[in-house]
file entry-v2.txt (compact mmCIF, C-alpha atoms)
# COMPACT_ATOMS: atom_id res chain seq x y z
CA MET A 1 68.61 146.78 123.82
CA LEU A 2 66.52 143.67 124.43
CA PHE A 3 62.85 142.92 125.08
CA ASP A 4 61.84 139.97 127.27
CA THR A 5 58.34 139.29 125.97
CA HIS A 6 57.35 136.72 128.61
CA ALA A 7 58.33 136.54 132.28
CA HIS A 8 56.69 135.61 135.59
CA TYR A 9 58.08 137.94 138.24
CA ASP A 10 55.09 137.18 140.46
CA ASP A 11 56.55 133.69 140.99
CA LYS A 12 57.56 132.97 144.60
CA LYS A 13 61.08 132.11 143.43
CA PHE A 14 61.63 135.87 143.14
CA ASP A 15 60.42 136.64 146.65
CA PRO A 16 63.97 137.00 148.09
CA ASP A 17 65.22 139.57 145.56
CA ARG A 18 62.48 140.59 143.11
CA ASP A 19 63.10 144.34 143.31
CA GLU A 20 66.86 143.89 143.13
CA VAL A 21 66.56 141.83 139.94
CA LEU A 22 64.09 144.19 138.28
CA GLN A 23 66.09 147.29 139.18
CA SER A 24 69.16 145.74 137.54
CA LEU A 25 67.57 145.03 134.15
CA LYS A 26 68.29 148.32 132.43
CA ALA A 27 71.97 148.00 133.34
CA HIS A 28 71.88 144.70 131.44
CA GLU A 29 70.37 146.33 128.34
CA ILE A 30 66.83 145.06 128.94
CA GLU A 31 64.68 147.85 127.51
CA TYR A 32 61.28 146.24 128.21
CA ALA A 33 59.73 143.15 129.75
CA VAL A 34 56.16 141.86 130.04
CA ASN A 35 54.95 140.13 133.19
CA ILE A 36 52.44 137.44 132.29
CA GLY A 37 49.23 136.64 134.17
CA THR A 38 48.14 133.02 134.60
CA ASN A 39 45.09 133.48 136.84
CA ILE A 40 43.21 136.40 138.36
CA PRO A 41 45.58 136.99 141.32
CA SER A 42 48.71 136.87 139.14
CA SER A 43 47.03 139.08 136.54
CA GLU A 44 46.21 141.63 139.20
CA TYR A 45 49.79 141.41 140.44
CA SER A 46 51.08 141.91 136.88
CA VAL A 47 49.22 145.19 136.67
CA SER A 48 50.44 146.36 140.07
CA ILE A 49 54.09 145.54 139.39
CA ALA A 50 53.90 147.18 135.94
CA GLU A 51 52.81 150.37 137.68
CA LYS A 52 56.02 150.32 139.71
CA TYR A 53 58.50 150.03 136.83
CA ASP A 54 58.33 152.16 133.70
CA PHE A 55 59.91 149.43 131.52
CA LEU A 56 57.59 146.66 132.73
CA TYR A 57 54.23 145.87 131.11
CA ALA A 58 51.47 143.42 131.98
CA SER A 59 49.51 140.67 130.33
CA VAL A 60 46.35 139.31 131.98
CA GLY A 61 44.84 135.90 131.40
CA ILE A 62 44.03 132.40 132.60
CA HIS A 63 46.51 129.57 132.01
CA PRO A 64 45.02 126.27 130.80
CA GLU A 65 45.77 124.64 134.14
CA CYS A 66 43.26 127.10 135.63
CA ALA A 67 40.78 126.82 132.75
CA ASP A 68 38.01 125.58 135.05
CA THR A 69 37.97 129.02 136.72
CA VAL A 70 36.93 130.78 133.51
CA ASN A 71 33.35 132.06 133.66
CA ASP A 72 31.51 135.32 133.04
CA GLU A 73 32.88 136.85 136.24
CA THR A 74 36.45 135.92 135.34
CA ILE A 75 36.16 137.33 131.83
CA ASN A 76 34.64 140.53 133.17
CA ARG A 77 37.51 140.91 135.64
CA LEU A 78 40.06 140.45 132.85
CA ARG A 79 38.18 143.01 130.78
CA GLU A 80 38.32 145.45 133.68
CA LEU A 81 42.06 144.91 134.17
CA CYS A 82 42.62 145.61 130.47
CA LYS A 83 41.50 149.19 131.00
CA HIS A 84 44.86 149.86 132.61
CA GLU A 85 47.28 151.58 130.24
CA LYS A 86 50.11 149.14 130.99
CA VAL A 87 48.13 146.00 129.98
CA VAL A 88 49.32 144.96 126.52
CA ALA A 89 47.95 141.44 125.94
CA ILE A 90 45.58 138.65 126.96
CA GLY A 91 47.30 135.53 128.27
CA GLU A 92 48.84 133.34 128.84
CA THR A 93 46.02 131.15 127.69
CA GLY A 94 45.94 128.09 125.45
CA LEU A 95 46.02 124.34 125.93
CA ASP A 96 48.08 121.94 128.04
CA TYR A 97 47.40 118.23 127.68
CA TYR A 98 50.61 117.13 129.40
CA TRP A 99 49.41 117.11 133.00
CA GLU A 100 46.68 114.59 133.78
CA ASN A 101 45.29 116.70 136.64
CA ASN A 102 44.65 119.71 134.39
CA PRO A 103 41.02 120.51 133.56
CA SER A 104 39.46 118.43 130.79
CA ARG A 105 40.32 119.17 127.19
CA GLU A 106 36.83 120.49 126.50
CA ILE A 107 37.03 122.90 129.42
CA GLN A 108 40.46 124.08 128.28
CA LYS A 109 39.29 124.62 124.71
CA GLU A 110 36.27 126.65 125.82
CA ALA A 111 38.40 128.81 128.14
CA PHE A 112 40.91 129.37 125.32
CA LYS A 113 38.19 130.43 122.90
CA ARG A 114 36.62 132.82 125.37
CA GLN A 115 39.94 134.58 125.96
CA ILE A 116 40.60 134.82 122.24
CA GLU A 117 37.21 136.47 121.81
CA LEU A 118 38.08 138.92 124.59
CA ALA A 119 41.40 139.71 122.91
CA LYS A 120 39.58 140.35 119.63
CA GLU A 121 37.02 142.55 121.37
CA LEU A 122 39.77 144.65 122.97
CA LYS A 123 42.09 144.52 119.93
CA LEU A 124 44.90 143.02 122.01
CA PRO A 125 47.31 140.21 121.14
CA VAL A 126 46.68 136.80 122.65
CA ILE A 127 49.60 134.87 124.17
CA VAL A 128 49.27 131.15 123.45
CA HIS A 129 50.56 128.29 125.60
CA ASN A 130 50.74 124.92 123.85
CA ARG A 131 51.90 121.65 125.38
CA GLU A 132 51.11 118.36 123.65
CA SER A 133 48.00 120.00 122.18
CA THR A 134 49.22 121.27 118.83
CA GLU A 135 46.42 119.94 116.63
CA ASP A 136 43.67 121.43 118.79
CA MET A 137 45.61 124.69 119.19
CA VAL A 138 45.95 125.13 115.45
CA ASN A 139 42.31 124.23 114.83
CA ILE A 140 41.10 126.76 117.41
CA LEU A 141 43.31 129.50 115.97
CA LYS A 142 41.95 128.72 112.49
CA GLU A 143 38.38 128.78 113.81
CA THR A 144 38.62 131.95 115.92
CA ARG A 145 41.16 133.93 113.88
CA PRO A 146 42.59 136.25 116.55
CA GLU A 147 43.83 139.51 115.10
CA LYS A 148 47.23 139.26 116.83
CA THR A 149 48.79 136.06 118.15
CA ILE A 150 52.01 135.25 119.99
CA ILE A 151 53.04 131.59 120.15
CA HIS A 152 54.84 131.52 123.50
CA CYS A 153 57.91 129.28 123.92
CA VAL A 154 57.33 127.65 120.55
CA SER A 155 57.73 123.86 120.47
CA VAL A 156 56.25 122.70 117.17
CA SER A 157 57.52 121.10 113.97
CA VAL A 158 58.66 123.08 110.95
CA GLU A 159 55.45 122.08 109.16
CA ILE A 160 53.24 123.44 111.95
CA ALA A 161 55.42 126.55 112.27
CA LYS A 162 54.77 127.30 108.59
CA ILE A 163 51.01 127.07 109.22
CA LEU A 164 51.30 129.45 112.18
CA VAL A 165 53.40 131.90 110.17
CA ASP A 166 50.79 131.78 107.40
CA MET A 167 48.26 132.87 110.03
CA ASP A 168 50.51 135.87 110.83
CA CYS A 169 51.45 134.56 114.28
CA TYR A 170 54.49 135.93 116.03
CA ILE A 171 56.80 133.11 117.11
CA SER A 172 58.60 133.45 120.45
CA PHE A 173 61.77 131.53 121.29
CA ALA A 174 62.83 130.84 124.88
CA GLY A 175 66.00 129.41 126.40
CA THR A 176 65.13 126.00 124.95
CA LEU A 177 66.56 127.27 121.66
CA THR A 178 70.03 127.04 123.21
CA PHE A 179 69.66 123.44 124.43
CA LYS A 180 71.89 120.87 122.75
CA ASN A 181 68.92 118.52 122.22
CA ALA A 182 66.85 121.09 120.28
CA PRO A 183 67.90 120.71 116.60
CA LYS A 184 64.28 120.70 115.39
CA LEU A 185 63.59 123.97 117.17
CA ARG A 186 66.59 125.53 115.45
CA GLU A 187 65.14 124.42 112.11
CA VAL A 188 61.92 126.21 113.04
CA ALA A 189 63.88 129.41 113.72
CA LYS A 190 65.23 129.33 110.17
CA ILE A 191 61.78 129.49 108.53
CA VAL A 192 60.19 132.27 110.62
CA PRO A 193 60.20 135.66 108.86
CA ILE A 194 62.39 138.10 110.75
CA ASN A 195 59.43 140.45 111.30
CA ARG A 196 57.67 137.69 113.30
CA LEU A 197 60.55 136.72 115.62
CA LEU A 198 60.33 137.28 119.37
CA ILE A 199 62.49 136.18 122.30
CA GLU A 200 61.55 135.49 125.91
CA THR A 201 62.88 133.96 129.12
CA ASP A 202 59.69 132.49 130.67
CA SER A 203 61.43 133.41 133.93
CA PRO A 204 61.97 131.81 136.37
CA TYR A 205 61.83 128.73 134.11
CA LEU A 206 63.81 127.44 131.11
CA SER A 207 67.20 128.94 131.84
CA PRO A 208 69.32 128.89 128.68
CA GLU A 209 72.76 127.43 128.24
CA PRO A 210 75.07 128.12 130.04
CA LYS A 211 72.72 128.91 132.94
CA ARG A 212 70.70 125.68 132.94
CA GLY A 213 69.81 124.46 136.41
CA SER A 214 69.60 127.94 137.92
CA ARG A 215 66.67 130.31 138.31
CA ASN A 216 66.06 132.24 135.13
CA ASP A 217 65.49 135.99 134.78
CA SER A 218 65.47 138.57 132.01
CA ARG A 219 69.20 139.16 132.23
CA ASN A 220 69.70 135.75 130.59
CA ILE A 221 67.79 136.64 127.43
CA MET A 222 71.07 137.64 125.80
CA TYR A 223 71.93 133.94 125.39
CA THR A 224 68.74 133.25 123.44
CA ALA A 225 69.33 136.34 121.32
CA GLU A 226 72.88 135.23 120.54
CA LYS A 227 71.77 131.73 119.56
CA LEU A 228 68.91 133.01 117.39
CA GLY A 229 71.24 135.38 115.57
CA GLU A 230 73.76 132.59 115.04
CA ILE A 231 71.09 130.29 113.58
CA ILE A 232 69.71 132.79 111.07
CA GLY A 233 72.95 134.57 110.26
CA LEU A 234 72.49 137.91 111.98
CA SER A 235 74.73 139.73 114.44
CA TYR A 236 73.77 140.04 118.08
CA LYS A 237 73.09 143.73 117.60
CA GLU A 238 70.85 143.05 114.60
CA ILE A 239 68.79 140.32 116.29
CA ALA A 240 68.42 142.41 119.45
CA SER A 241 67.11 145.35 117.41
CA ILE A 242 64.79 143.23 115.26
CA THR A 243 63.20 141.28 118.11
CA THR A 244 62.78 144.42 120.20
CA GLU A 245 61.04 146.29 117.39
CA ASN A 246 58.82 143.25 116.69
CA ALA A 247 57.82 143.08 120.36
CA LYS A 248 57.05 146.79 120.54
CA ARG A 249 54.89 146.42 117.44
CA ILE A 250 52.86 143.39 118.57
CA TYR A 251 52.41 144.88 122.06
CA ASN A 252 51.76 148.36 120.67
CA ILE A 253 54.42 150.00 122.82
CA ASN A 254 55.84 153.30 121.66
CA LYS A 255 58.71 155.12 123.26
CA GLY A 256 57.55 158.03 125.36
CA ASP A 257 54.08 156.63 125.91
CA PHE A 258 54.54 156.28 129.66
call {"tool": "encode", "arguments": {"input": "entry-v2.txt", "output": "C-alpha cells"}}
result
Amino acid sequence: MLFDTHAHYDDKKFDPDRDEVLQSLKAHEIEYAVNIGTNIPSSEYSVSIAEKYDFLYASVGIHPECADTVNDETINRLRELCKHEKVVAIGETGLDYYWENNPSREIQKEAFKRQIELAKELKLPVIVHNRESTEDMVNILKETRPEKTIIHCVSVSVEIAKILVDMDCYISFAGTLTFKNAPKLREVAKIVPINRLLIETDSPYLSPEPKRGSRNDSRNIMYTAEKLGEIIGLSYKEIASITTENAKRIYNINKGDF
C-alpha cells in the first residue's frame, strides 16, 4: 500500500471527475493521501473533503504566493481548522523567489515563521515549499527549529540535503525523481536515511515518467515509488511499506483512528 503525502484535489483540474478519481484510489493500492491547503479557502476545502473520505487527511496553511494574506486573523483561522481530527499538518508554507509577482521576500519570510510557530504550538509537522530560496529556507529552519518538518518536492543539492537530514527533516520526492534530467535529485535520494523518506504526487502537477504531460493524481505515485526503490536498492514492496510507515509516523496517523 502507498501513501501520497501531498496532493491538491481542490484544484479546478479535478472538477470534471474528482469523486471518481478519489473513489478509485484504494483499488490502486493508495492507503492514504493528504490534501494540502495553500490559502484559507483551500484549507477549508481540505478539511471538508477529508471528512468525506476515510483515507484522506488535510493540511492547512498559506502558500508563499499568498504570504501577504497572513495576519492575526489568518493564523487564528488556521488554528481553528486544526481542531478538526483529520488535520495532520500546517502547510504548505515556505518560500518561493521564482515568481516576480509573489509577495516580497521579507513578507514571505515572516509568513513562513509565523506558520512554523503555529505548527510548534500545535505540535504538528510543517510542510515546506522551497523554490529558488534554499539559503533563506535553511536559515529560517535553523532559527525556528520546528519539531517536525517535511521538505515537499525536494529540489536541493546533496550538501543541503545533508543539512536538512541533520535537522531531522523528512524528505519528500515527487514525480521529478523519475525525470531523465534529474541525476542530482537521484544522488540526493541515496543519502536520505530510509526512515526519513516520503513520496508524493503534488497532484495535479509534476506527473512522473511515463505520464508526463498529463494531469497527475495519486494513482501515479507508483512510478515514483518504483524509481526510489531502484535508486536505493529496495524492492517496490519494501519502498512502499517504508514510505507509508514514515508518512503515518510524521502525520501521526494510526490505523483504526477514524
call {"tool": "residues_around", "arguments": {"input": "entry-v2.txt", "residues": "range 176-189 of chain A", "least_positions_apart": "2", "cutoff": "10 Å", "atoms": "all atoms listed in the file", "output": "ChimeraX atom specification"}}
result
/A:153-162,171-174,191-194,197,199,201,206-210,212,223-229,231-232
call {"tool": "atom_distance", "arguments": {"input": "entry-v2.txt", "atom1": "CA of Ser48 in chain A", "atom2": "CA of Ile151 in chain A"}}
result
24.9 Å
call {"tool": "residues_around", "arguments": {"input": "entry-v2.txt", "residues": "Asp19 in chain A", "least_positions_apart": "5", "cutoff": "12 Å", "atoms": "all atoms listed in the file", "output": "ChimeraX atom specification"}}
result
/A:9-10,14,24-25,49,52-53
call {"tool": "residues_around", "arguments": {"input": "entry-v2.txt", "residues": "range 216-219 of chain A", "least_positions_apart": "5", "cutoff": "6 Å", "atoms": "all atoms listed in the file", "output": "PDB file with C-alpha atoms, in the frame of the given file"}}
result
ATOM      1  CA  SER A 203      61.430 133.410 133.930  1.00  0.00           C
ATOM      2  CA  PRO A 204      61.970 131.810 136.370  1.00  0.00           C
ATOM      3  CA  TYR A 205      61.830 128.730 134.110  1.00  0.00           C
ATOM      4  CA  SER A 207      67.200 128.940 131.840  1.00  0.00           C
TER       5      SER A 207
END
call {"tool": "atom_distance", "arguments": {"input": "entry-v2.txt", "atom1": "CA of Ser43 in chain A", "atom2": "CA of Gly61 in chain A"}}
result
6.4 Å
call {"tool": "closest_residue", "arguments": {"input": "entry-v2.txt", "among": "A:Ala247, A:Ile107, A:Leu95, A:Ile127", "to": "Asn139 in chain A", "atoms": "all atoms listed in the file"}}
result
A:Leu95
call {"tool": "residues_around", "arguments": {"input": "entry-v2.txt", "residues": "Val126 in chain A", "least_positions_apart": "4", "cutoff": "8 Å", "atoms": "all atoms listed in the file", "output": "PDB file with C-alpha atoms, in the coordinates of the input"}}
result
ATOM      1  CA  ALA A  89      47.950 141.440 125.940  1.00  0.00           C
ATOM      2  CA  ILE A  90      45.580 138.650 126.960  1.00  0.00           C
ATOM      3  CA  GLY A  91      47.300 135.530 128.270  1.00  0.00           C
ATOM      4  CA  GLU A  92      48.840 133.340 128.840  1.00  0.00           C
ATOM      5  CA  THR A  93      46.020 131.150 127.690  1.00  0.00           C
ATOM      6  CA  GLN A 115      39.940 134.580 125.960  1.00  0.00           C
ATOM      7  CA  ILE A 116      40.600 134.820 122.240  1.00  0.00           C
ATOM      8  CA  ALA A 119      41.400 139.710 122.910  1.00  0.00           C
ATOM      9  CA  PRO A 146      42.590 136.250 116.550  1.00  0.00           C
ATOM     10  CA  LYS A 148      47.230 139.260 116.830  1.00  0.00           C
ATOM     11  CA  THR A 149      48.790 136.060 118.150  1.00  0.00           C
ATOM     12  CA  ILE A 150      52.010 135.250 119.990  1.00  0.00           C
TER      13      ILE A 150
END
call {"tool": "residues_around", "arguments": {"input": "entry-v2.txt", "residues": "Lys86 in chain A", "least_positions_apart": "6", "cutoff": "8 Å", "atoms": "all atoms listed in the file", "output": "PDB file with C-alpha atoms, in the frame of the given file"}}
result
ATOM      1  CA  VAL A  47      49.220 145.190 136.670  1.00  0.00           C
ATOM      2  CA  ALA A  50      53.900 147.180 135.940  1.00  0.00           C
ATOM      3  CA  GLU A  51      52.810 150.370 137.680  1.00  0.00           C
ATOM      4  CA  TYR A  57      54.230 145.870 131.110  1.00  0.00           C
ATOM      5  CA  ALA A  58      51.470 143.420 131.980  1.00  0.00           C
TER       6      ALA A  58
END
call {"tool": "residues_near_point", "arguments": {"input": "entry-v2.txt", "point": "(44.3, 118.1, 120.8)", "cutoff": "12 Å", "atoms": "only C-alpha atoms", "output": "compact mmCIF listing (two decimals) with C-alpha atoms, in the frame of the given file"}}
result
# COMPACT_ATOMS: atom_id res chain seq x y z
CA GLY A 94 45.94 128.09 125.45
CA LEU A 95 46.02 124.34 125.93
CA ASP A 96 48.08 121.94 128.04
CA TYR A 97 47.40 118.23 127.68
CA TYR A 98 50.61 117.13 129.40
CA SER A 104 39.46 118.43 130.79
CA ARG A 105 40.32 119.17 127.19
CA GLU A 106 36.83 120.49 126.50
CA GLN A 108 40.46 124.08 128.28
CA LYS A 109 39.29 124.62 124.71
CA ASN A 130 50.74 124.92 123.85
CA ARG A 131 51.90 121.65 125.38
CA GLU A 132 51.11 118.36 123.65
CA SER A 133 48.00 120.00 122.18
CA THR A 134 49.22 121.27 118.83
CA GLU A 135 46.42 119.94 116.63
CA ASP A 136 43.67 121.43 118.79
CA MET A 137 45.61 124.69 119.19
CA VAL A 138 45.95 125.13 115.45
CA ASN A 139 42.31 124.23 114.83
CA ILE A 140 41.10 126.76 117.41
call {"tool": "closest_residue", "arguments": {"input": "entry-v2.txt", "among": "A:Leu164, A:Leu56, A:Leu118, A:Ile62", "to": "Asn76 in chain A", "atoms": "all atoms listed in the file"}}
result
A:Leu118
call {"tool": "atom_distance", "arguments": {"input": "entry-v2.txt", "atom1": "CA of Arg77 in chain A", "atom2": "CA of Asp168 in chain A"}}
result
28.5 Å
call {"tool": "closest_residue", "arguments": {"input": "entry-v2.txt", "among": "A:Asn39, A:Leu22, A:Glu143, A:Met222", "to": "Lys237 in chain A", "atoms": "all atoms listed in the file"}}
result
A:Met222
call {"tool": "axis_aligned_box", "arguments": {"input": "entry-v2.txt", "around": "range 149-162 of chain A", "padding_each_side": "4 Å", "output": "JSON"}}
result
{"center_x": 53.7, "center_y": 128.6, "center_z": 116.3, "size_x": 17.9, "size_y": 23.0, "size_z": 23.3}
call {"tool": "residues_near_point", "arguments": {"input": "entry-v2.txt", "point": "(56.6, 151.5, 126.2)", "cutoff": "12 Å", "atoms": "only C-alpha atoms", "output": "PyMOL selection string"}}
result
chain A and resi 3+31-34+50+53-58+85-88+244-245+247-258
